[in-house]
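Have a look at query-v6.txt below; it lists compact mmCIF, C-alpha atoms.
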# COMPACT_ATOMS: atom_id res chain seq x y z
CA MET A 1 49.16 7.73 -25.21
CA ILE A 2 47.03 10.61 -26.45
CA ASP A 3 49.46 13.12 -24.90
CA GLY A 4 52.36 11.78 -26.94
CA ILE A 5 50.29 11.73 -30.13
CA ILE A 6 49.32 15.40 -29.67
CA ILE A 7 52.94 16.49 -29.13
CA ILE A 8 54.25 14.41 -32.05
CA LEU A 9 51.60 15.79 -34.41
CA PHE A 10 52.53 19.37 -33.50
CA ILE A 11 56.25 18.66 -33.98
CA ILE A 12 55.68 16.99 -37.39
CA ALA A 13 53.43 19.83 -38.57
CA ALA A 14 55.92 22.47 -37.40
CA VAL A 15 58.87 20.71 -39.01
CA ALA A 16 56.97 20.43 -42.31
CA VAL A 17 56.08 24.12 -42.20
CA GLY A 18 59.67 25.08 -41.29
CA PHE A 19 61.08 22.96 -44.10
CA ASP A 20 58.77 24.38 -46.78
CA ILE A 21 58.65 27.98 -45.60
CA ILE A 22 61.98 28.64 -47.31
CA GLN A 23 60.13 28.55 -50.63
CA LEU A 24 58.26 31.71 -49.61
CA LEU A 25 61.48 33.74 -49.52
CA PRO A 26 62.08 36.05 -52.49
CA ASN A 27 64.40 34.72 -55.21
CA SER A 28 66.79 37.59 -54.56
CA VAL A 29 67.24 36.32 -50.98
CA LEU A 30 67.57 32.69 -52.02
CA GLU A 31 70.32 33.59 -54.50
CA THR A 32 72.44 34.95 -51.66
CA VAL A 33 72.19 31.66 -49.75
CA SER A 34 75.05 29.30 -50.55
CA ASN A 35 73.39 26.15 -49.10
CA VAL A 36 69.58 26.17 -49.30
CA GLU A 37 69.22 22.63 -47.94
CA ALA A 38 71.17 23.52 -44.80
CA LEU A 39 68.91 26.55 -44.36
CA ARG A 40 65.87 24.25 -44.67
CA LEU A 41 67.26 21.96 -41.97
CA VAL A 42 67.96 24.89 -39.62
CA SER A 43 64.48 26.31 -40.24
CA ALA A 44 62.89 22.86 -39.70
CA THR A 45 64.86 22.42 -36.45
CA PHE A 46 63.74 25.74 -34.99
CA ALA A 47 60.18 25.04 -36.17
CA GLY A 48 60.32 21.61 -34.49
CA ILE A 49 61.35 23.23 -31.18
CA LEU A 50 58.49 25.70 -31.53
CA GLY A 51 56.15 22.81 -32.39
CA LEU A 52 57.26 20.97 -29.24
CA ALA A 53 56.39 24.02 -27.11
CA LEU A 54 53.03 24.43 -28.84
CA GLY A 55 52.38 20.68 -28.46
CA LEU A 56 52.99 20.84 -24.70
CA VAL A 57 50.60 23.80 -24.43
CA ALA A 58 47.98 21.96 -26.51
CA GLN A 59 48.43 18.80 -24.43
CA GLY A 60 47.87 20.72 -21.17
CA THR A 61 44.84 22.46 -22.66
CA TYR A 62 43.45 19.11 -23.78
CA ARG A 63 43.85 17.63 -20.31
CA ARG A 64 42.12 20.57 -18.65
CA LEU A 65 39.28 20.40 -21.17
CA GLU A 66 38.95 16.65 -20.67
CA LYS A 67 38.80 17.06 -16.89
CA GLN A 68 36.15 19.77 -17.18
CA ILE A 69 34.05 17.60 -19.51
CA ARG A 70 34.34 14.62 -17.15
CA GLU A 71 33.18 16.74 -14.21
CA THR A 72 30.29 18.31 -16.15
CA PRO A 73 26.95 16.48 -15.64
CA ILE A 74 25.76 14.67 -18.73
CA GLU A 75 22.45 16.55 -18.88
CA ILE A 76 24.34 19.86 -19.12
CA ILE A 77 26.49 18.55 -21.99
CA LEU A 78 23.38 17.26 -23.76
CA THR A 79 21.38 20.46 -23.39
CA ARG A 80 24.35 22.64 -24.40
CA ALA A 81 24.86 20.55 -27.53
CA VAL A 82 21.19 20.90 -28.43
CA GLY A 83 21.30 24.66 -27.70
CA LEU A 84 24.43 25.10 -29.84
CA ALA A 85 22.88 23.17 -32.74
CA MET A 86 19.66 25.19 -32.56
CA GLY A 87 21.62 28.46 -32.36
CA LEU A 88 23.70 27.61 -35.45
CA LEU A 89 20.58 26.52 -37.32
CA LEU A 90 18.83 29.77 -36.45
CA ALA A 91 21.91 31.76 -37.52
CA ASN A 92 21.95 30.08 -40.94
CA LEU A 93 18.22 30.64 -41.44
CA MET A 94 18.47 34.33 -40.55
CA LEU A 95 21.68 35.03 -42.47
CA ALA A 96 20.72 33.16 -45.65
CA PRO A 97 18.74 36.12 -47.12
CA ILE A 98 21.70 38.42 -46.55
CA PHE A 99 23.91 36.29 -48.77
CA LEU A 100 21.45 36.81 -51.66
CA PHE A 101 21.96 40.58 -51.66
CA PRO A 102 24.29 41.88 -54.42
CA ILE A 103 27.47 43.12 -52.76
CA PRO A 104 30.29 44.94 -54.61
CA ALA A 105 33.48 42.98 -55.12
CA GLN A 106 35.35 45.43 -52.91
CA LEU A 107 33.09 44.44 -49.97
CA SER A 108 33.00 40.71 -50.65
CA ALA A 109 34.66 40.00 -47.28
CA ILE A 110 31.48 41.17 -45.50
CA LYS A 111 29.67 37.89 -46.21
CA PRO A 112 32.12 35.48 -44.48
CA ILE A 113 32.69 37.93 -41.62
CA THR A 114 28.92 38.25 -41.10
CA ALA A 115 28.52 34.47 -41.23
CA ILE A 116 31.25 33.93 -38.64
CA LEU A 117 30.02 36.63 -36.26
CA GLY A 118 26.37 35.55 -36.64
CA SER A 119 27.21 31.90 -35.99
CA LEU A 120 29.27 32.82 -32.91
CA MET A 121 26.56 35.10 -31.52
CA PHE A 122 23.64 32.70 -32.05
CA GLY A 123 25.70 29.69 -30.94
CA PHE A 124 26.59 31.45 -27.69
CA LEU A 125 22.96 32.48 -27.26
CA GLY A 126 21.81 28.87 -27.73
CA VAL A 127 24.29 27.59 -25.12
CA SER A 128 23.24 30.33 -22.66
CA LEU A 129 19.56 29.48 -23.08
CA ALA A 130 20.36 25.79 -22.64
CA ASP A 131 22.11 26.52 -19.32
CA THR A 132 19.07 28.51 -18.16
CA HIS A 133 16.21 26.33 -19.41
CA GLY A 134 17.90 23.02 -20.22
CA ARG A 135 16.32 20.99 -17.42
CA THR A 136 12.87 22.32 -18.30
CA PHE A 137 13.47 21.31 -21.93
CA LEU A 138 14.46 17.77 -20.92
CA ARG A 139 11.44 17.46 -18.66
CA LEU A 140 9.12 18.49 -21.52
CA ILE A 141 10.56 15.69 -23.63
CA ASN A 142 10.45 13.08 -20.87
CA ARG A 143 9.37 13.68 -17.28
CA ASN A 144 11.82 11.04 -16.05
CA SER A 145 14.71 12.08 -18.29
CA ILE A 146 16.63 14.11 -15.70
CA GLU A 147 16.24 11.46 -13.01
CA SER A 148 17.35 8.75 -15.45
CA ILE A 149 20.41 10.71 -16.55
CA LEU A 150 21.42 11.54 -12.98
CA MET A 151 21.02 7.90 -11.95
CA ALA A 152 23.08 6.75 -14.95
CA GLU A 153 25.99 9.03 -14.02
CA GLY A 154 25.74 8.18 -10.30
CA THR A 155 24.76 11.65 -9.11
CA LEU A 156 21.31 10.49 -8.01
CA GLN A 157 20.86 7.15 -6.28
CA PRO A 158 17.56 5.26 -6.68
CA ALA A 159 15.50 4.65 -3.54
CA ALA A 160 16.29 1.26 -2.04
CA THR A 161 13.51 -1.33 -1.78
CA LYS A 162 12.10 -1.75 1.74
CA ILE A 163 11.23 -5.18 3.18
CA VAL A 164 8.69 -4.96 6.01
CA ASP A 165 8.55 -7.58 8.76
CA THR A 166 5.57 -8.81 10.79
CA SER A 167 6.16 -6.61 13.86
CA CYS A 168 6.28 -3.48 11.72
CA ILE A 169 3.00 -4.30 9.96
CA ILE A 170 1.19 -4.99 13.25
CA ASP A 171 2.62 -1.79 14.77
CA GLY A 172 0.88 0.25 12.05
CA ARG A 173 3.17 3.28 12.03
CA ILE A 174 4.67 2.27 8.69
CA GLY A 175 1.38 3.28 7.08
CA GLU A 176 1.63 6.79 8.51
CA LEU A 177 5.22 7.08 7.30
CA LEU A 178 4.09 6.12 3.80
CA HIS A 179 1.35 8.75 3.86
CA THR A 180 3.76 11.47 4.99
CA GLY A 181 6.33 10.48 2.34
CA PHE A 182 9.22 9.74 4.70
CA VAL A 183 9.57 6.19 3.37
CA GLU A 184 10.49 6.00 -0.32
CA GLY A 185 10.86 3.17 -2.80
CA GLN A 186 9.06 -0.12 -3.32
CA ILE A 187 7.59 -1.87 -0.26
CA LEU A 188 7.91 -5.66 -0.40
CA ILE A 189 5.95 -8.03 1.84
CA PRO A 190 7.50 -11.52 1.50
CA GLN A 191 5.08 -14.43 1.27
CA PHE A 192 6.46 -15.99 4.47
CA VAL A 193 5.64 -12.77 6.39
CA LEU A 194 2.06 -12.91 5.09
CA GLN A 195 1.86 -16.56 6.18
CA GLU A 196 3.07 -15.63 9.66
CA LEU A 197 0.34 -12.98 9.91
CA GLN A 198 -2.24 -15.54 8.82
CA GLN A 199 -1.01 -18.03 11.43
CA LEU A 200 -1.31 -15.35 14.12
CA ALA A 201 -4.83 -14.47 12.96
CA ASP A 202 -5.82 -18.16 13.18
CA ALA A 203 -4.14 -18.78 16.55
CA SER A 204 -6.11 -20.09 19.50
CA ASN A 205 -4.55 -17.49 21.77
CA ASP A 206 -6.80 -14.42 21.87
CA GLN A 207 -3.94 -11.94 22.10
CA LYS A 208 -2.10 -13.43 19.12
CA ARG A 209 -5.33 -13.64 17.12
CA VAL A 210 -6.06 -9.93 17.69
CA ARG A 211 -2.53 -8.95 16.68
CA GLY A 212 -2.67 -11.10 13.54
CA ARG A 213 -6.01 -9.70 12.42
CA ARG A 214 -4.85 -6.17 13.13
CA GLY A 215 -1.80 -6.75 10.95
CA LEU A 216 -3.88 -8.13 8.06
CA ASP A 217 -6.33 -5.22 8.28
CA LEU A 218 -3.52 -2.63 8.29
CA LEU A 219 -1.81 -4.37 5.38
CA ASN A 220 -5.04 -4.30 3.36
CA LYS A 221 -5.44 -0.57 4.04
CA MET A 222 -1.87 0.14 2.95
CA GLN A 223 -2.36 -1.87 -0.24
CA GLU A 224 -5.53 0.06 -1.02
CA SER A 225 -3.78 3.39 -0.45
CA PHE A 226 -0.56 2.46 -2.29
CA PRO A 227 -1.43 -0.29 -4.78
CA GLU A 228 1.66 0.34 -6.94
CA ARG A 229 4.14 0.42 -4.06
CA ILE A 230 2.97 -2.44 -1.83
CA VAL A 231 3.96 -5.74 -3.46
CA ILE A 232 3.55 -9.27 -2.09
CA HIS A 233 6.71 -11.12 -3.09
CA PRO A 234 6.52 -14.92 -3.53
CA ALA A 235 10.05 -15.55 -2.20
CA ASP A 236 10.46 -18.35 0.33
CA TYR A 237 13.33 -20.47 1.61
CA GLU A 238 12.55 -24.09 2.44
CA ASP A 239 16.02 -24.63 3.90
CA ILE A 240 15.59 -21.85 6.50
CA ALA A 241 13.32 -22.45 9.47
CA THR A 242 12.75 -19.05 11.13
CA VAL A 243 11.06 -16.01 9.59
CA ASP A 244 13.75 -13.66 10.90
CA SER A 245 16.51 -15.61 9.12
CA LYS A 246 14.44 -15.62 5.94
CA LEU A 247 14.02 -11.86 6.16
CA ILE A 248 17.77 -11.32 6.51
CA ARG A 249 18.53 -13.68 3.61
CA PHE A 250 15.92 -12.06 1.36
CA THR A 251 17.14 -8.52 2.18
CA GLN A 252 20.73 -9.50 1.40
CA GLU A 253 19.77 -11.03 -1.95
CA ILE A 254 17.95 -7.97 -3.27
CA ASN A 255 20.27 -5.46 -1.54
CA GLY A 256 17.28 -3.81 0.15
CA ILE A 257 16.55 -2.28 3.56
CA LEU A 258 14.77 -4.19 6.31
CA VAL A 259 12.09 -2.21 8.17
CA THR A 260 11.36 -3.63 11.61
CA ASN A 261 10.49 -2.90 15.23
CA ASP A 262 12.12 -6.08 16.54
CA TYR A 263 15.16 -5.16 18.64
CA ASN A 264 16.78 -8.60 18.45
CA LEU A 265 16.23 -8.84 14.68
CA SER A 266 17.85 -5.41 14.28
CA LYS A 267 20.95 -6.53 16.20
CA VAL A 268 21.32 -9.77 14.22
CA ALA A 269 20.80 -7.94 10.92
CA ASN A 270 23.42 -5.34 11.82
CA LEU A 271 25.92 -8.11 12.56
CA GLN A 272 25.31 -9.47 9.05
CA LYS A 273 25.77 -6.03 7.43
CA VAL A 274 22.08 -5.68 6.50
CA SER A 275 20.68 -2.13 6.33
CA ILE A 276 17.98 -1.55 8.95
CA LEU A 277 15.24 1.02 9.50
CA ASN A 278 13.91 0.68 13.02
CA ILE A 279 10.75 2.73 13.55
CA ASN A 280 11.36 2.81 17.29
CA ASP A 281 14.73 4.48 16.66
CA LEU A 282 12.97 7.02 14.45
CA ALA A 283 10.41 7.72 17.16
CA ARG A 284 13.18 8.31 19.71
CA ALA A 285 15.02 10.59 17.30
CA ILE A 286 12.04 12.89 16.78
CA ARG A 287 10.66 12.87 20.30
CA PRO A 288 10.43 16.28 22.01
CA ILE A 289 13.67 17.61 23.46
CA TYR A 290 11.93 18.32 26.75
CA LEU A 291 9.38 16.04 28.36
CA PRO A 292 6.87 16.95 31.11
CA GLY A 293 8.74 17.34 34.38
CA ASP A 294 12.00 18.54 32.79
CA SER A 295 13.33 21.91 33.94
CA LEU A 296 15.25 24.52 31.99
CA GLU A 297 16.54 28.06 32.22
CA LEU A 298 14.50 30.42 30.05
CA LYS A 299 14.50 34.13 29.31
CA ILE A 300 10.98 35.59 29.14
CA LEU A 301 10.91 37.94 26.16
CA LYS A 302 7.30 39.10 25.94
CA GLN A 303 3.78 38.71 27.27
CA GLY A 304 1.59 35.87 26.07
CA LYS A 305 -1.87 36.07 24.52
CA GLU A 306 -3.57 34.97 27.71
CA ALA A 307 -3.45 36.81 31.02
CA ALA A 308 -0.36 36.27 33.16
CA GLN A 309 1.41 34.35 30.40
CA GLY A 310 5.02 34.94 29.40
CA VAL A 311 6.71 33.75 26.23
CA GLY A 312 10.31 32.69 25.67
CA TYR A 313 12.19 30.75 22.99
CA LEU A 314 14.66 27.89 22.98
CA GLU A 315 17.88 28.05 20.96
CA ASP A 316 16.23 26.22 18.04
CA GLY A 317 13.36 28.73 17.95
CA THR A 318 10.80 26.59 19.78
CA MET A 319 8.21 28.77 21.57
CA VAL A 320 7.81 28.20 25.31
CA VAL A 321 4.61 29.54 26.89
CA VAL A 322 5.06 30.06 30.64
CA GLU A 323 1.99 30.27 32.81
CA GLU A 324 2.28 32.95 35.50
CA GLY A 325 5.34 34.25 33.65
CA GLN A 326 4.15 37.74 32.76
CA GLU A 327 5.85 39.33 35.76
CA TYR A 328 9.21 37.89 34.65
CA VAL A 329 9.27 39.56 31.20
CA GLY A 330 12.82 40.69 30.47
CA GLY A 331 14.35 38.37 33.04
CA GLU A 332 15.43 34.74 33.32
CA LEU A 333 13.96 32.03 35.49
CA ARG A 334 13.90 28.27 35.80
CA VAL A 335 10.70 26.71 34.53
CA VAL A 336 9.28 23.19 34.58
CA VAL A 337 7.76 21.70 31.42
CA THR A 338 4.12 20.73 31.89
CA SER A 339 3.23 19.63 28.32
CA ALA A 340 4.35 19.83 24.69
CA LEU A 341 2.30 20.25 21.53
CA GLN A 342 3.63 18.88 18.22
CA THR A 343 1.98 19.84 14.90
CA SER A 344 3.03 19.90 11.26
CA ALA A 345 3.79 23.61 11.70
CA GLY A 346 6.23 22.93 14.54
CA LYS A 347 6.23 22.35 18.27
CA MET A 348 5.25 24.40 21.30
CA ILE A 349 6.16 23.82 24.93
CA PHE A 350 4.06 24.84 27.95
CA ALA A 351 5.73 25.40 31.30
CA LYS A 352 5.35 26.94 34.74
CA PRO A 353 7.87 28.70 37.01
CA GLN A 354 9.66 26.10 39.11
CA ALA A 355 8.89 28.05 42.28
CA SER A 356 5.11 27.81 41.74
CA VAL A 357 5.34 24.06 40.97
CA MET A 358 7.26 23.35 44.17
CA VAL A 359 4.67 25.23 46.19
Since I need it in another form, could you write the structure as structure tokens?
Amino acid sequence: MIDGIIIILFIIAAVAVGFDIIQLLPNSVLETVSNVEALRLVSATFAGILGLALGLVAQGTYRRLEKQIRETPIEIILTRAVGLAMGLLLANLMLAPIFLFPIPAQLSAIKPITAILGSLMFGFLGVSLADTHGRTFLRLINRNSIESILMAEGTLQPAATKIVDTSCIIDGRIGELLHTGFVEGQILIPQFVLQELQQLADASNDQKRVRGRRGLDLLNKMQESFPERIVIHPADYEDIATVDSKLIRFTQEINGILVTNDYNLSKVANLQKVSILNINDLARAIRPIYLPGDSLELKILKQGKEAAQGVGYLEDGTMVVVEEGQEYVGGELRVVVTSALQTSAGKMIFAKPQASVMV
């Protein structure tokens, strides 16, 4: 629709110009023309053809500009608009005194030329500064402005709410994940999960009672550490008997993610298209590549800090300290992993030559 309107407007404007441009011809030329109206029609026709060509060019330019604007993030458009407005305002404030100076009539064109050049220069400067410092400007206005804008346009997705089940609370590792920041978003504890913990804590079976009390203690600690993130939700379903089925139903209703250690619950939830975070799967994913007793081929690159030690590296850069490996520096040998050390700075593997282990 808009494409046709652009082309038609250019054709109409060109035809009007072509029809009236004959009036600009000198009278001496017009007197030699036998049929002025025919000349107007010919001129309007050629102008219409030229207008069609210009309309097609303008339509293509409009489409490219529209596509670029659609692909440009909204915060960039906003900051550029603000930068352009501030640049033009600054240009007018700085150029206003110049217009008060008396200028000879012969140089009267200096004022509009200066205004145009000054506006272009300061406008471009404002847009450039907006591209460089736009996000900082938005954050000064509102700390959450950038995140809100990115969420509104779909570039940034909000963190999904996590629903924690009984097994995960009793396990306790969810608290460590919260402290390290690997789990984001709101943490919901449904009321029926809290009731199940209370029933376990009041059970006659000693083992169940210990597990229930442990879960309540860990939940209290998490709520003290993260009072704004841990929320007890009053949801319950009288028509559903089991806690696992309630958890799946609740997670589906709020479009959240179920955090659990229960293998069977994970399988059932996956069958019902419910997003799952299984802490046991996470633990397996980040376990050391090599466990004690595993063997590997290693090139000893240098001596270790301690006597008789040799040092080599795995492909991912992990340091391997080989006891009794000093004599193998520069060569390769098969070693057996004896232990692994994992810290926040990385991991380190300790090993011995396979020949010395077999002896």
Around all the atoms of segment 180-190 of chain A listed in the file, draw an axis-aligned box and extend it by 3 Å on each of the six sides; I want its centre and edge lengths in Å to one decimal, as AutoDock Vina command-line options.
--center_x 7.3 --center_y 0.0 --center_z 0.8 --size_x 13.1 --size_y 29.0 --size_z 14.3
- Residues near Leu129 of chain A, cut-off 9 Å, all atoms listed in the file, skip fewer than 4 positions along chain, as JSON, numbers by chain: {"A": [80, 83, 124, 125, 133, 134]}
- Task: May I have the residues within 12 Å of Ser128 of chain A as an MDAnalysis selection string, using all atoms listed in the file and disregarding those fewer than 2 positions away in the same chain?
- Result: chainID A and resid 76 79:84 86:87 121:126 130:134
- Item | Radius query 12 Å about (16.4, 34.3, 34.9), atoms used: only C-alpha atoms, as a list of chain:residue names |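 Residues with an atom at most 12 Å from (16.4, 34.3, 34.9): A:Leu296, A:Glu297, A:Leu298, A:Lys299, A:Ile300, A:Leu301, A:Gly312, A:Gly325, A:Glu327, A:Tyr328, A:Val329, A:Gly330, A:Gly331, A:Glu332, A:Leu333, A:Arg334, A:Val335, A:Pro353, A:Gln354.
You will find atom CA of Ala355 of chain A at 18.6 Å from atom CA of Tyr290 of chain A.
With all atoms listed in the file taken into account, the protein and nucleic acid residues at most 6 Å from segment 224-240 of chain A (excluding it and anything under 5 positions from it in its own chain) are Gln186, Ile187, Leu188, Ile189, Pro190 and Gln191 of chain A.
Here the residues that fall within 12 Å of (4.5, 45.1, 25.1), using all atoms listed in the file, are given as Leu301, Lys302, Gln303, Gly304, Lys305, Gly310, Val311, Gln326, Val329 and Gly330 of chain A.
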- Message: From the options A:Ser266, A:Asn261, A:Ser295, A:Gln309, which residue's atoms come nearest to Val336 of chain A, counting all atoms listed in the file?
- Response: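 Once distances to Val336 of chain A are computed over all atoms listed in the file, the minimum belongs to A:Ser295.
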- Tell me, as number ranges by chain, which residues lie within 12 Å of Ala283 of chain A, counting all atoms listed in the file; anything in the same chain fewer than 4 positions away does not count. A: 173-174, 177, 261, 277-279, 287-288
- Distance atom CA of Glu184 of chain A-atom CA of Asp316 of chain A, one decimal place?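 The value is 27.9 Å.
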- Item | Computed interatomic separation between atom CA of Ile257 of chain A and atom CA of Asn270 of chain A (Å) | 11.2 Å
- Message: Excluding segment 198-204 of chain A and its own-chain neighbours fewer than 4 positions away, which residues fall within 12 Å of it when counting all atoms listed in the file? Please give them as a list in words.
- Response: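 Once the nearby chain positions are removed, what remains is Thr166, Ser167, Ile170, Gln191, Phe192, Val193, Leu194, Lys208, Arg209, Val210, Arg211, Gly212, Arg213, Arg214, Gly215, Leu216, Asp217 and Leu219 of chain A.
When all atoms listed in the file are used to measure the gap to Leu247 of chain A, the shortest distance among A:Val164, A:Val15, A:Met222, A:Ile169 belongs to A:Val164.
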Start from the incomplete input, build N, CA and C atoms for segment 162-181 of chain A, and deliver everything as a short mmCIF file (atom, residue, chain, number, x, y, z; two decimals), keeping the file's coordinate frame.
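What follows is the written file out.cif:
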data_model
loop_
_atom_site.label_atom_id
_atom_site.label_comp_id
_atom_site.auth_asym_id
_atom_site.auth_seq_id
_atom_site.Cartn_x
_atom_site.Cartn_y
_atom_site.Cartn_z
N LYS A 162 12.29 -1.48 0.31
CA LYS A 162 12.10 -1.75 1.74
C LYS A 162 11.36 -3.08 1.92
N ILE A 163 11.87 -3.91 2.83
CA ILE A 163 11.23 -5.18 3.18
C ILE A 163 10.66 -5.02 4.58
N VAL A 164 9.37 -5.21 4.73
CA VAL A 164 8.69 -4.96 6.01
C VAL A 164 8.44 -6.29 6.71
N ASP A 165 8.76 -6.34 8.01
CA ASP A 165 8.55 -7.58 8.76
C ASP A 165 7.20 -7.55 9.48
N THR A 166 6.88 -8.64 10.15
CA THR A 166 5.57 -8.81 10.79
C THR A 166 5.34 -7.78 11.88
N SER A 167 6.34 -7.54 12.75
CA SER A 167 6.16 -6.61 13.86
C SER A 167 5.87 -5.20 13.36
N CYS A 168 6.47 -4.82 12.26
CA CYS A 168 6.28 -3.48 11.72
C CYS A 168 4.87 -3.33 11.15
N ILE A 169 4.36 -4.37 10.51
CA ILE A 169 3.00 -4.30 9.96
C ILE A 169 1.98 -4.19 11.09
N ILE A 170 2.14 -5.00 12.12
CA ILE A 170 1.19 -4.99 13.25
C ILE A 170 1.26 -3.65 13.99
N ASP A 171 2.45 -3.08 14.10
CA ASP A 171 2.62 -1.79 14.77
C ASP A 171 1.78 -0.70 14.11
N GLY A 172 1.75 -0.67 12.77
CA GLY A 172 0.88 0.25 12.05
C GLY A 172 1.49 1.58 11.68
N ARG A 173 2.60 1.96 12.32
CA ARG A 173 3.17 3.28 12.03
C ARG A 173 3.80 3.38 10.64
N ILE A 174 4.11 2.25 10.03
CA ILE A 174 4.67 2.27 8.69
C ILE A 174 3.69 2.90 7.69
N GLY A 175 2.38 2.67 7.95
CA GLY A 175 1.38 3.28 7.08
C GLY A 175 1.39 4.79 7.15
N GLU A 176 1.55 5.34 8.36
CA GLU A 176 1.63 6.79 8.51
C GLU A 176 2.88 7.36 7.86
N LEU A 177 3.99 6.62 7.95
CA LEU A 177 5.22 7.08 7.30
C LEU A 177 5.07 7.09 5.78
N LEU A 178 4.35 6.14 5.25
CA LEU A 178 4.09 6.12 3.80
C LEU A 178 3.24 7.32 3.40
N HIS A 179 2.25 7.62 4.18
CA HIS A 179 1.35 8.75 3.86
C HIS A 179 2.10 10.08 3.93
N THR A 180 3.03 10.21 4.87
CA THR A 180 3.76 11.47 4.99
C THR A 180 4.92 11.57 4.00
N GLY A 181 5.28 10.46 3.35
CA GLY A 181 6.33 10.48 2.34
C GLY A 181 7.74 10.30 2.87
#
